Amino acid sequence: MSNRLSGKVAVITGATSGIGLATAKIFVAQGAKVFITGRRRDVLDKAVAEIGGDVTGIQADSSSMADLDSLYEQVKAQAGRIDVLFTNAGGGTMLPLGQITEEQVDDTFDRNVKAVVFTVQKALPLMGQGGSIILTGSTAGTEGTAAFSIYSASKAAVRNLARSWALDLKETGIRVNVVSPGATRTPGLVELAGDDPQAQQGLLDYLASRIPLGRVGEAEEIGKAVLFLASDDASFVNGAELFADGGQAQV
């Protein structure tokens with residue numbers, strides 16, 4: 001089925017690579033007018049050119065209140081509303097207990113929790129009946145992962161934000177759900193292994209060995225799960241967590 005987002009206005013944060021970029025391509029192909037954000041202008045412009053079609057790039061850091069205000073002012077001026085909001089910006093680093101720093105905690109929670117809270121809250125005046133909010137979770141929010149406790153905790157927080165927000169938005173007709181990818185081949189994942197291609201492939205091979213399907217996911221596969229939650233096909237799905245993880249956190 002094509003044009004599942006025909007006439008819709010979508011905002012995707014952190015869409016210059018990986019899952020965000022793949023989702024933006026899918027949304028445009030499905031008929032949406034898409035706004036994407038990124039922190040670096042050169043990378044953002046490259047992503048816009050790669051996506052093609054009805055896409056606008058807005059330079060913004062989702063942890064900056066001023067940047068979020070500017071983002072939504074531009075969306076309001078150019079489109080007047082938001083039908084789909086995908087809060088994909090975020091990230092994290094690995095440190096084991098005993099080496100965790102205050103800087104790591106602040107950075108991770110600023111990017112993955114504070115930014116999500118205000119990305120959503122500041123978008124609400126532009127959203128209405130039938131709107132869909134999708135938050136990016138992670139299997140890390142469900143599973144224990146060595147040296148990844150701070151990131152895992154931030155993603156567990158995201159999951160529970162969706163539960164409460166589904167109640168807060170009860171009278172609005174706006175749905176809020178979480179998509180939780182498992183290990184997915186993205187720049188953000190392979191960079192956890194450093195710059196050595198052999199080490200990066202070793203990380204992917206190890207992660208694949210833990211997944212029942214025997215491989216890591218591809219960004220486009222996660223984008224298709226986001227498309228479902230964004231579309232009217234998910235009109236009665238609310239407050240849910242959709243795992244796109246090859247079974248990683250399910251067994």
# chains A, B, ... in the order shown; residues from 1 in each chain; ligands from 1

$ residues_around --residues "Ala146 (chain A)" --least-positions-apart "3" --cutoff "10 Å" --atoms "only C-alpha atoms" --output "PDB file with all heavy atoms, in the first residue's frame"
ATOM      1  N   MET A  94      29.145   4.388  26.349  1.00  0.00           N
ATOM      2  CA  MET A  94      29.280   3.209  27.197  1.00  0.00           C
ATOM      3  C   MET A  94      30.319   3.460  28.294  1.00  0.00           C
ATOM      4  O   MET A  94      31.454   3.825  28.005  1.00  0.00           O
ATOM      5  CB  MET A  94      29.678   1.987  26.363  1.00  0.00           C
ATOM      6  CG  MET A  94      28.690   1.653  25.265  1.00  0.00           C
ATOM      7  SD  MET A  94      29.056   0.106  24.396  1.00  0.00           S
ATOM      8  CE  MET A  94      28.433  -1.083  25.585  1.00  0.00           C
ATOM      9  N   LEU A  95      29.907   3.273  29.540  1.00  0.00           N
ATOM     10  CA  LEU A  95      30.805   3.313  30.693  1.00  0.00           C
ATOM     11  C   LEU A  95      30.258   2.344  31.745  1.00  0.00           C
ATOM     12  O   LEU A  95      29.068   2.401  32.069  1.00  0.00           O
ATOM     13  CB  LEU A  95      30.895   4.722  31.303  1.00  0.00           C
ATOM     14  CG  LEU A  95      31.701   5.782  30.547  1.00  0.00           C
ATOM     15  CD1 LEU A  95      31.539   7.140  31.226  1.00  0.00           C
ATOM     16  CD2 LEU A  95      33.171   5.391  30.460  1.00  0.00           C
ATOM     17  N   PRO A  96      31.095   1.484  32.312  1.00  0.00           N
ATOM     18  CA  PRO A  96      30.620   0.554  33.336  1.00  0.00           C
ATOM     19  C   PRO A  96      30.467   1.243  34.686  1.00  0.00           C
ATOM     20  O   PRO A  96      31.056   2.305  34.936  1.00  0.00           O
ATOM     21  CB  PRO A  96      31.736  -0.494  33.386  1.00  0.00           C
ATOM     22  CG  PRO A  96      32.962   0.273  33.014  1.00  0.00           C
ATOM     23  CD  PRO A  96      32.518   1.282  31.990  1.00  0.00           C
ATOM     24  N   LEU A  97      29.661   0.638  35.543  1.00  0.00           N
ATOM     25  CA  LEU A  97      29.527   1.133  36.909  1.00  0.00           C
ATOM     26  C   LEU A  97      30.909   1.189  37.553  1.00  0.00           C
ATOM     27  O   LEU A  97      31.689   0.241  37.476  1.00  0.00           O
ATOM     28  CB  LEU A  97      28.605   0.206  37.709  1.00  0.00           C
ATOM     29  CG  LEU A  97      28.309   0.641  39.149  1.00  0.00           C
ATOM     30  CD1 LEU A  97      27.561   1.972  39.157  1.00  0.00           C
ATOM     31  CD2 LEU A  97      27.502  -0.442  39.870  1.00  0.00           C
ATOM     32  N   GLU A 143      16.294  -4.774  28.467  1.00  0.00           N
ATOM     33  CA  GLU A 143      17.362  -5.715  28.792  1.00  0.00           C
ATOM     34  C   GLU A 143      18.460  -5.044  29.618  1.00  0.00           C
ATOM     35  O   GLU A 143      18.647  -3.824  29.546  1.00  0.00           O
ATOM     36  CB  GLU A 143      18.020  -6.230  27.508  1.00  0.00           C
ATOM     37  CG  GLU A 143      17.112  -7.002  26.582  1.00  0.00           C
ATOM     38  CD  GLU A 143      17.889  -7.490  25.380  1.00  0.00           C
ATOM     39  OE1 GLU A 143      18.510  -6.656  24.701  1.00  0.00           O
ATOM     40  OE2 GLU A 143      17.897  -8.696  25.132  1.00  0.00           O
ATOM     41  N   SER A 149      24.391   1.160  31.281  1.00  0.00           N
ATOM     42  CA  SER A 149      23.285   1.341  32.213  1.00  0.00           C
ATOM     43  C   SER A 149      22.629   2.708  32.117  1.00  0.00           C
ATOM     44  O   SER A 149      21.405   2.829  32.270  1.00  0.00           O
ATOM     45  CB  SER A 149      23.754   1.093  33.647  1.00  0.00           C
ATOM     46  OG  SER A 149      24.774   2.016  34.024  1.00  0.00           O
ATOM     47  N   SER A 152      20.515   2.774  29.007  1.00  0.00           N
ATOM     48  CA  SER A 152      19.376   1.886  29.229  1.00  0.00           C
ATOM     49  C   SER A 152      18.327   2.549  30.107  1.00  0.00           C
ATOM     50  O   SER A 152      17.122   2.464  29.850  1.00  0.00           O
ATOM     51  CB  SER A 152      19.847   0.580  29.874  1.00  0.00           C
ATOM     52  OG  SER A 152      20.727  -0.123  29.021  1.00  0.00           O
TER      53      SER A 152
END

$ residues_around --residues "Ser132 (chain A)" --least-positions-apart "6" --cutoff "10 Å" --atoms "only C-alpha atoms" --output "ChimeraX atom specification"
/A:10,82-86,173-177,229-232,234-235,237-238

$ closest_atom_pairs --of "region 105-137 of chain A" --to "region 12-31 of chain A" --cutoff "10 Å" --atoms "only C-alpha atoms" --output "CSV"
residue,atom,partner,partner_atom,distance
A:Val116,CA,A:Thr13,CA,9.7
A:Thr119,CA,A:Thr13,CA,8.6
A:Ile134,CA,A:Ile12,CA,9.5
A:Thr136,CA,A:Ile19,CA,9.7

$ closest_atom_pairs --of "region 111-227 of chain A" --to "region 67-77 of chain A" --cutoff "10 Å" --atoms "only C-alpha atoms" --output "CSV"
residue,atom,partner,partner_atom,distance
A:Ala115,CA,A:Leu68,CA,9.1
A:Phe118,CA,A:Leu68,CA,7.9
A:Thr119,CA,A:Leu68,CA,6.6
A:Val120,CA,A:Leu68,CA,9.8
A:Lys122,CA,A:Asp69,CA,7.3
A:Ala123,CA,A:Tyr72,CA,6.8
A:Pro125,CA,A:Tyr72,CA,9.5
A:Leu126,CA,A:Lys76,CA,7.2

$ select_by_dssp --residues "region 5-236 of chain A" --states "strand (DSSP E)" --output "MDAnalysis selection string"
chainID A and resid 9:13 33:38 55:59 84:87 132:136 175:181 184:185 217:218

$ select_by_dssp --residues "region 37-106 of chain A" --states "alpha helix (DSSP H)" --output "PyMOL selection string"
chain A and resi 41-51+65-78+102-106

$ atom_distance --atom1 "CA of Arg159 (chain A)" --atom2 "CA of Arg210 (chain A)"
22.6 Å

$ closest_atom_pairs --of "region 155-220 of chain A" --to "region 244-250 of chain A" --cutoff "7 Å" --atoms "only C-alpha atoms" --output "Markdown table"
| residue | atom | partner | partner_atom | distance |
| --- | --- | --- | --- | --- |
| A:Ser180 | CA | A:Ala244 | CA | 6.0 |
| A:Pro181 | CA | A:Ala244 | CA | 4.8 |
| A:Gly182 | CA | A:Asp245 | CA | 3.9 |
| A:Ala183 | CA | A:Asp245 | CA | 6.8 |
| A:Arg210 | CA | A:Gln248 | CA | 6.6 |
| A:Ile211 | CA | A:Gln248 | CA | 4.7 |
| A:Pro212 | CA | A:Gly247 | CA | 5.6 |
| A:Leu213 | CA | A:Gly246 | CA | 5.4 |
| A:Gly217 | CA | A:Asp245 | CA | 7.0 |

$ write_last_selection --atoms "N, CA and C atoms" --output "JSON list (two decimals), in the first residue's frame"
[["chain", "number", "residue", "atom", "x", "y", "z"],
["A", 180, "SER", "N", 10.82, 0.46, 19.56],
["A", 180, "SER", "CA", 12.06, 0.06, 20.23],
["A", 180, "SER", "C", 12.87, -0.86, 19.32],
["A", 181, "PRO", "N", 13.87, -0.31, 18.66],
["A", 181, "PRO", "CA", 14.72, -1.15, 17.81],
["A", 181, "PRO", "C", 15.64, -2.03, 18.65],
["A", 182, "GLY", "N", 16.00, -3.16, 18.08],
["A", 182, "GLY", "CA", 17.12, -3.92, 18.59],
["A", 182, "GLY", "C", 18.38, -3.43, 17.91],
["A", 183, "ALA", "N", 19.41, -4.23, 17.97],
["A", 183, "ALA", "CA", 20.67, -3.85, 17.31],
["A", 183, "ALA", "C", 20.42, -3.61, 15.82],
["A", 210, "ARG", "N", 23.19, -12.74, 19.17],
["A", 210, "ARG", "CA", 22.24, -12.68, 20.27],
["A", 210, "ARG", "C", 20.80, -12.52, 19.80],
["A", 211, "ILE", "N", 20.60, -12.45, 18.50],
["A", 211, "ILE", "CA", 19.28, -12.17, 17.94],
["A", 211, "ILE", "C", 18.71, -13.45, 17.31],
["A", 212, "PRO", "N", 17.49, -13.86, 17.65],
["A", 212, "PRO", "CA", 16.92, -15.08, 17.09],
["A", 212, "PRO", "C", 16.92, -15.14, 15.56],
["A", 213, "LEU", "N", 16.76, -14.00, 14.90],
["A", 213, "LEU", "CA", 16.82, -14.01, 13.43],
["A", 213, "LEU", "C", 18.23, -14.15, 12.89],
["A", 217, "GLY", "N", 19.39, -5.61, 12.55],
["A", 217, "GLY", "CA", 18.39, -4.98, 11.72],
["A", 217, "GLY", "C", 18.99, -3.94, 10.79]]

$ atom_distance --atom1 "CA of Gly7 (chain A)" --atom2 "CA of Gln59 (chain A)"
23.8 Å
